[in-house]
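Okay, so here's the structure we're looking at.
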Amino acid sequence: MRNNNLCTEIGYNSLIKYGEQLCGDHIEIVEPDGGNSTVMVLADGLGSGVKANILSTLTSKIISTMMANNLSLEDCVSTIAATLPVCEERGVAYSTFTIIHVLENHEAEIIQYDNPHVIMLRDGKNYRYPQTIMEMDGKTIYRAKVTLQENDVFIAMSDGAIHAGVGMLLNFGWERKDIIDFMETMYDKEFTAKTLTTILLAECNRLYDNKPGDDTTVCTVKIRMRKPVNLLIGPPSNPDDLNKMMSLFFSKKGKHIVCGGTTTTLAAKFLGKEIQMGIPEYLDPEIPPICKVDRIDLATEGVITINKVLSYAQDYLKDNDSYKEWSYKKDGASLIARQLFEVATDINFYVGRAVNPAHQNPNLPINFNIKMRLIDELSACLKQMGKRIKVSYF
Amino acid sequence: MKITICIGSSCHLKGSKDVVEGLQQLIKANDLSDQIELSGAFCMGNCVNGVSVKIDEELFNVQPSTTKSFFEQEVLTRL
């Protein structure tokens with residue numbers, strides 16, 4: 001196994017054709033080889049609605065499963081041809097596909113059949129990767145192999161993306177080269193795969209005048225360095241474990257976030273540092289102010305702040321609409337969201353199970369169970385974002 | 001004189017922000033910025049009765065609606 005400290009981040013989303021309830025495009029991701037390799041398949045089924053949905057789901061499931069088990073592309077293609085139900089109206093079984101196979105975070109193989117070709121950005125600029133053409137079962141298939149570098153970005157899309165705006169805001173839609181120009185302009189190396197996807201889809205939706213004429217799917221694959229972020233919340237249930245918990249936490253590489261007033265007080269004491277608070281600043285009226293402590297990258301309030309981070313995380317996994325809030329605001333919840341969603345690839349939670357005696361009153365809206373539930377739900381969301389999560393309880 | 005306002009989770013939900021802003025306004029209106037230092041603080045262990053506010057080391061409970069009377073009765077009289 002190569003250990004180049006790179007990892008693969010994937011973010012995708014779809015616009016569904018106006019008036020339809022199901023998307024005819026489908027994305028399937030598998031991580032064979034203990035998570036060191038990734039197979040992403042984007043399939044676009046013939047037509048729209050239920051029929052297209054079935055075709056694309058079958059296609060992407062079959063290809064991803066077979067590829068993950070090291071079966072040849074020829075086998076995959078012939079299996080699909082033999083398996084897909086034939087459309088009665090059109091007499092064909094048809095679904096286009098794009099495969100991005102990242103091997104040990106070192107090399108990417110791109111295989112495409114009839115979808116718009118994958119756009120590759122290297123350092124934010126279009127990179128023309130050499131392709132070979134092959135015929136398989138009467139299908140023309142393009143293949144490419146690219147040796148990966150940090151910050152390489154691959155943007156796969158269904159044809160809904162290049163048809164955006166046809167006959168509406170634009171006469172002929174925008175072409176692949178227009179999408180390249182647009183993404184080169186919007187590119188920022190801090191943007192995550194999901195953010196790049198959101199930016200492109202929002203533009204497609206705008207060109208469609210919010211009424212997409214076709215299912216439109218974008219899947220961005222970004223190659224980036226692993227980055228750990230550590231988050232400490234709550235004092236340990238046994239006060240004797242405090243030093244152990246703190247030394248483990250602060251010895252970890254990466255950023256250190258401490259949540260909770262009492263927890264921050266204990267952490268500052270452990271470090272022998274002062275808490276700098278001053279006049280509380282309310283950057284978001286809902287979220288309690290943050291404070292500054294040397295050696296702690298970010299110190300915030302606990303439950304209310306994390307609750308907000310959780311709602312941002314849930315939205316991130318859906319349409320990512322609240323990106324426009326947390327991406328720039330400076331309150332505790334937005335700052336944590338940026339660290340966890342954008343900066344981190346590996347997140348270590350240090351969760352103390354001490355019960356705050358001051359909170360044990362039925363008249364208070366906060367209790368111990370809420371805190372534990374919040375951490376469970378947040379780590380589940382972060383896992384879905386593709387982060388590696390480790391939770392240690394004290 | 002130093003006034004410290006708890007901004008812990010419970011007090012936050014009970015209106016720390018309004019108390020902080022209320023006191024800031026009252027201090028400004030009475031031109032007392034030179035004499036009163038305002039600051040936030042974490043949990044004072046008095047969540048049930050919050051919002052917890054300390055004048056130097058003396059603990060009080062203030063609600064957003066009682067900020068003005070607290071200021072008049074407890075703060076002004078101590079200066």
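Please note that chains go A, B, ... in the order of the structure tokens, that every chain numbers its residues from 1, and that ligands are numbered from 1 in the order shown.
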Compile the residues of chain B that lie within 8 Å of chain A, evaluated using only C-alpha atoms, and express the compilation as number ranges by chain.
B: 7-10, 12, 17, 20, 38-43, 45-48
Residues within 12 Å of stretch 61-64 of chain B, please, as a ChimeraX atom specification. Count only C-alpha atoms; anything in the same chain fewer than 2 positions from it doesn't count.
/B:4-6,11-23,44,46-55,58-59,66-71,73-74
Distance of atom CA of A:Val50 from atom CA of A:Thr38, expressed in Å to one decimal place
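Spanning atom CA of A:Thr38 to atom CA of A:Val50 is a straight-line distance of 27.8 Å.
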Polymer residues at most 12 Å from A:Ile63, only C-alpha atoms, same-chain spacing of 3 or more positions, as a ChimeraX atom specification:
/A:26-30,39-43,56-60,66-81,83,95-101,111
Create the file for the chosen residues now, containing N, CA and C atoms and written as a short mmCIF file (atom, residue, chain, number, x, y, z; two decimals), in the first residue's frame.
data_model
loop_
_atom_site.label_atom_id
_atom_site.label_comp_id
_atom_site.auth_asym_id
_atom_site.auth_seq_id
_atom_site.Cartn_x
_atom_site.Cartn_y
_atom_site.Cartn_z
N HIS A 26 -28.14 8.19 -11.25
CA HIS A 26 -27.83 7.53 -9.97
C HIS A 26 -26.33 7.48 -9.75
N ILE A 27 -25.94 7.67 -8.50
CA ILE A 27 -24.53 7.61 -8.14
C ILE A 27 -24.30 6.51 -7.13
N GLU A 28 -23.29 5.73 -7.35
CA GLU A 28 -22.96 4.65 -6.42
C GLU A 28 -21.47 4.76 -6.09
N ILE A 29 -21.16 4.68 -4.81
CA ILE A 29 -19.76 4.78 -4.40
C ILE A 29 -19.41 3.56 -3.55
N VAL A 30 -18.33 2.88 -3.87
CA VAL A 30 -17.85 1.80 -3.00
C VAL A 30 -16.37 2.02 -2.70
N VAL A 39 -14.41 3.54 -5.84
CA VAL A 39 -15.05 3.43 -7.15
C VAL A 39 -16.31 4.27 -7.11
N MET A 40 -16.40 5.25 -8.03
CA MET A 40 -17.59 6.09 -8.12
C MET A 40 -18.21 5.84 -9.49
N VAL A 41 -19.48 5.55 -9.52
CA VAL A 41 -20.16 5.36 -10.81
C VAL A 41 -21.35 6.31 -10.90
N LEU A 42 -21.38 7.11 -11.95
CA LEU A 42 -22.52 7.98 -12.21
C LEU A 42 -23.23 7.42 -13.43
N ALA A 43 -24.50 7.04 -13.29
CA ALA A 43 -25.24 6.49 -14.43
C ALA A 43 -26.45 7.36 -14.72
N SER A 56 -30.66 3.38 -14.21
CA SER A 56 -29.41 3.96 -13.71
C SER A 56 -28.99 3.32 -12.39
N THR A 57 -29.98 2.95 -11.56
CA THR A 57 -29.63 2.30 -10.29
C THR A 57 -28.98 0.95 -10.56
N LEU A 58 -29.60 0.16 -11.46
CA LEU A 58 -29.03 -1.15 -11.80
C LEU A 58 -27.62 -1.00 -12.36
N THR A 59 -27.47 -0.09 -13.32
CA THR A 59 -26.18 0.10 -13.98
C THR A 59 -25.09 0.45 -12.98
N SER A 60 -25.37 1.45 -12.12
CA SER A 60 -24.31 1.91 -11.22
C SER A 60 -24.01 0.85 -10.15
N MET A 66 -18.94 -4.87 -9.36
CA MET A 66 -18.01 -5.68 -10.13
C MET A 66 -16.60 -5.08 -10.14
N MET A 67 -16.53 -3.76 -10.31
CA MET A 67 -15.22 -3.10 -10.33
C MET A 67 -14.51 -3.27 -8.98
N ALA A 68 -15.29 -3.13 -7.91
CA ALA A 68 -14.71 -3.23 -6.57
C ALA A 68 -14.14 -4.63 -6.34
N ASN A 69 -14.68 -5.60 -7.09
CA ASN A 69 -14.17 -6.96 -6.95
C ASN A 69 -13.17 -7.31 -8.05
N ASN A 70 -12.61 -6.27 -8.66
CA ASN A 70 -11.54 -6.44 -9.64
C ASN A 70 -11.94 -7.23 -10.88
N LEU A 71 -13.21 -7.15 -11.27
CA LEU A 71 -13.60 -7.79 -12.53
C LEU A 71 -13.31 -6.82 -13.67
N SER A 72 -13.12 -7.35 -14.86
CA SER A 72 -12.71 -6.49 -15.97
C SER A 72 -13.87 -5.63 -16.44
N LEU A 73 -13.50 -4.52 -17.09
CA LEU A 73 -14.51 -3.61 -17.62
C LEU A 73 -15.37 -4.32 -18.66
N GLU A 74 -14.74 -5.19 -19.46
CA GLU A 74 -15.48 -5.94 -20.49
C GLU A 74 -16.60 -6.76 -19.84
N ASP A 75 -16.27 -7.40 -18.73
CA ASP A 75 -17.27 -8.19 -18.02
C ASP A 75 -18.40 -7.29 -17.51
N CYS A 76 -18.03 -6.13 -16.98
CA CYS A 76 -19.05 -5.20 -16.46
C CYS A 76 -20.01 -4.81 -17.57
N VAL A 77 -19.44 -4.41 -18.71
CA VAL A 77 -20.28 -3.92 -19.80
C VAL A 77 -21.19 -5.02 -20.34
N SER A 78 -20.64 -6.23 -20.50
CA SER A 78 -21.50 -7.29 -21.04
C SER A 78 -22.57 -7.70 -20.02
N THR A 79 -22.24 -7.61 -18.75
CA THR A 79 -23.25 -7.93 -17.72
C THR A 79 -24.40 -6.93 -17.78
N ILE A 80 -24.06 -5.64 -17.92
CA ILE A 80 -25.12 -4.63 -17.98
C ILE A 80 -26.01 -4.88 -19.19
N ALA A 81 -25.36 -5.11 -20.35
CA ALA A 81 -26.11 -5.32 -21.59
C ALA A 81 -27.06 -6.51 -21.43
N THR A 83 -28.33 -7.63 -18.59
CA THR A 83 -29.21 -7.53 -17.43
C THR A 83 -30.30 -6.47 -17.55
N SER A 95 -28.26 2.87 -20.51
CA SER A 95 -27.92 3.83 -19.46
C SER A 95 -26.47 4.22 -19.70
N THR A 96 -26.20 5.50 -19.71
CA THR A 96 -24.82 5.95 -19.89
C THR A 96 -24.12 5.83 -18.54
N PHE A 97 -22.80 5.85 -18.54
CA PHE A 97 -22.11 5.82 -17.25
C PHE A 97 -20.75 6.50 -17.29
N THR A 98 -20.36 6.97 -16.13
CA THR A 98 -19.01 7.50 -15.93
C THR A 98 -18.45 6.78 -14.71
N ILE A 99 -17.23 6.26 -14.84
CA ILE A 99 -16.61 5.59 -13.70
C ILE A 99 -15.33 6.33 -13.34
N ILE A 100 -15.18 6.68 -12.08
CA ILE A 100 -13.89 7.19 -11.61
C ILE A 100 -13.40 6.21 -10.55
N HIS A 101 -12.28 5.58 -10.86
CA HIS A 101 -11.74 4.57 -9.96
C HIS A 101 -10.42 5.10 -9.41
N ILE A 111 -13.36 6.09 -16.79
CA ILE A 111 -13.96 5.33 -17.88
C ILE A 111 -15.31 5.97 -18.18
#
For A:Gly213, please output as an NGL selection string all residues within 12 Å (counting only C-alpha atoms; exclusion window: fewer than 4 positions along the same chain).
:A and (15-20 or 47-48 or 159-168 or 173 or 204-209)
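With atom CA of A:Asn13 on one side and atom CA of A:Asp214 on the other, the separation reads 14.0 Å.
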How would you write, as a ChimeraX atom specification, the set of residues in chain B that DSSP gives as strand (DSSP E or B)?
/B:2-6,37-41,52-55,58-61
Nearest to A:Leu148, chosen from A:Asn243, A:Asn4, A:Thr65, A:Asn348, with only C-alpha atoms counted in the distances:
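Residue with the minimum atom-to-atom distance to A:Leu148: A:Asn4.
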Best match for closeness to A:Ala299 among A:Met136, A:Gly35, A:Glu104, A:Ala268, counting only C-alpha atoms
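Using only C-alpha atoms, A:Ala299 sits closest to A:Ala268.
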Apply DSSP to the backbone of this structure and, from chain B, keep only the residues in helix (DSSP H, G or I); write these as an MDAnalysis selection string.
chainID B and resid 9:13 16:29 47:49 64:78
Could you please determine the separation between atom CA of A:Glu342 and atom CA of A:Leu201 in Å, to one decimal place?
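Value for the atom CA of A:Glu342-atom CA of A:Leu201 distance: 18.8 Å.
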Choose the residue, out of A:Leu248, A:Val229, A:Val351, A:Leu266, that has the smallest atom-to-atom separation from A:Ala337; count only C-alpha atoms.
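Of all the options, A:Val229 lies closest to A:Ala337.
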